[in-house]
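**Q** Sharing a structure with you now.
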Amino acid sequence: ESKIKLYPNPNEGVFVIDFGDRQLTNSSVLVYNSNGQIIRSISNLSFKETVDLSNAPGGLYIVQVLYGNNLNSYKVLKK
């Protein structure tokens, strides 16, 4: 089973979520800022999803990936 990869990390505001060969039905991505606010919500995912946070301030973001009954959280640092 392949792992979900987020790269580059840290980044300048744009990063990729690579789902490998995972089944993406009923999948979504939520991006939270350091205040816990959702700043980006993505559904209808592709196998490699590009996320653009270039208009957001630098800092740490939490990316939650929901696929099937699984929920994974990742930390992403924008320079």
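Chain identifiers are assigned as A, B, and so on, following the order in which chains appear in the structure tokens; residues are numbered from 1 within each chain, and ligands are numbered from 1 in order of appearance.
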Determine, counting only C-alpha atoms, which protein, DNA and RNA residues have an atom within 8 Å of an atom of A:Asn9; residues of the same chain fewer than 5 positions away are not included. Present the result as a tab-separated table (two decimals) with all heavy atoms, in the first residue's frame.

**A**
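Below you can see result.tsv, which holds the result:
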chain	number	residue	atom	x	y	z
A	15	PHE	N	2.23	23.31	-3.00
A	15	PHE	CA	2.72	21.96	-2.75
A	15	PHE	C	1.78	20.94	-3.39
A	15	PHE	O	0.67	21.27	-3.80
A	15	PHE	CB	2.89	21.68	-1.25
A	15	PHE	CG	1.62	21.74	-0.44
A	15	PHE	CD1	0.88	20.60	-0.19
A	15	PHE	CD2	1.17	22.94	0.08
A	15	PHE	CE1	-0.29	20.66	0.55
A	15	PHE	CE2	0.02	23.02	0.84
A	15	PHE	CZ	-0.72	21.86	1.07
A	76	VAL	N	2.46	21.20	7.15
A	76	VAL	CA	3.12	21.79	5.99
A	76	VAL	C	3.60	23.17	6.40
A	76	VAL	O	2.84	23.95	6.98
A	76	VAL	CB	2.15	21.88	4.79
A	76	VAL	CG1	2.78	22.62	3.64
A	76	VAL	CG2	1.72	20.50	4.35
A	77	LEU	N	4.85	23.48	6.09
A	77	LEU	CA	5.42	24.77	6.43
A	77	LEU	C	5.57	25.62	5.17
A	77	LEU	O	6.24	25.21	4.21
A	77	LEU	CB	6.78	24.59	7.09
A	77	LEU	CG	7.49	25.87	7.52
A	77	LEU	CD1	6.66	26.62	8.57
A	77	LEU	CD2	8.87	25.56	8.05
A	78	LYS	N	4.91	26.78	5.19
A	78	LYS	CA	5.10	27.75	4.10
A	78	LYS	C	6.12	28.76	4.56
A	78	LYS	O	5.96	29.36	5.62
A	78	LYS	CB	3.77	28.45	3.76
A	78	LYS	CG	3.96	29.45	2.65
A	78	LYS	CD	2.74	30.25	2.37
A	78	LYS	CE	3.09	31.32	1.35
A	78	LYS	NZ	2.10	32.35	1.25

**Q** So that I can check the surroundings of A:Val14, please list as number ranges by chain every protein, DNA and RNA residue that reaches within 8 Å of it, counting only C-alpha atoms and ignoring chain neighbours fewer than 4 positions away.

**A** A: 50-54

**Q** Atom CA of A:Asp18 to atom CA of A:Lys5: how many Å, to one decimal?

**A**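 Atom CA of A:Lys5 lies at a distance of 5.0 Å from atom CA of A:Asp18.
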
**Q** Write out as a VMD selection string the set of residues from chain A that DSSP, computed on the backbone, places in strand (DSSP E).

**A** chain A and resid 5 to 7 14 to 18 27 to 32 38 to 43 48 to 52 59 to 67 70 to 78

**Q** For A:Asn26, list every protein, DNA or RNA residue within 9 Å, evaluated using only C-alpha atoms, and leave out those in the same chain fewer than 4 positions away; present the list as a ChimeraX atom specification.

**A** /A:43-44,66-68

**Q** I'd like to know which of A:Ile17, A:Leu24, A:Ile62, A:Leu6 is closest to A:Leu45, using only C-alpha atoms.

**A** A:Leu24

**Q** For A:Val65, please output as a list in words all residues within 8 Å (counting only C-alpha atoms; exclusion window: fewer than 2 positions along the same chain).

**A** Ser27, Ser28, Val29, Leu30, Val63, Tyr67, Leu71, Asn72 and Ser73 of chain A

**Q** Between atom CA of A:Glu49 and atom CA of A:Gly36, what is the distance in Å, rounded to a tenth?

**A** 21.9 Å

**Q** So how many Å separate atom CA of A:Ile42 and atom CA of A:Gly58, to one decimal?

**A**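 Separation of atom CA of A:Ile42 and atom CA of A:Gly58: 20.4 Å.
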
**Q** Nearest residue to A:Pro57 out of A:Gly13, A:Thr25, A:Val31, A:Lys75, using only C-alpha atoms?

**A**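 Distance minimum relative to A:Pro57 lands on A:Gly13.
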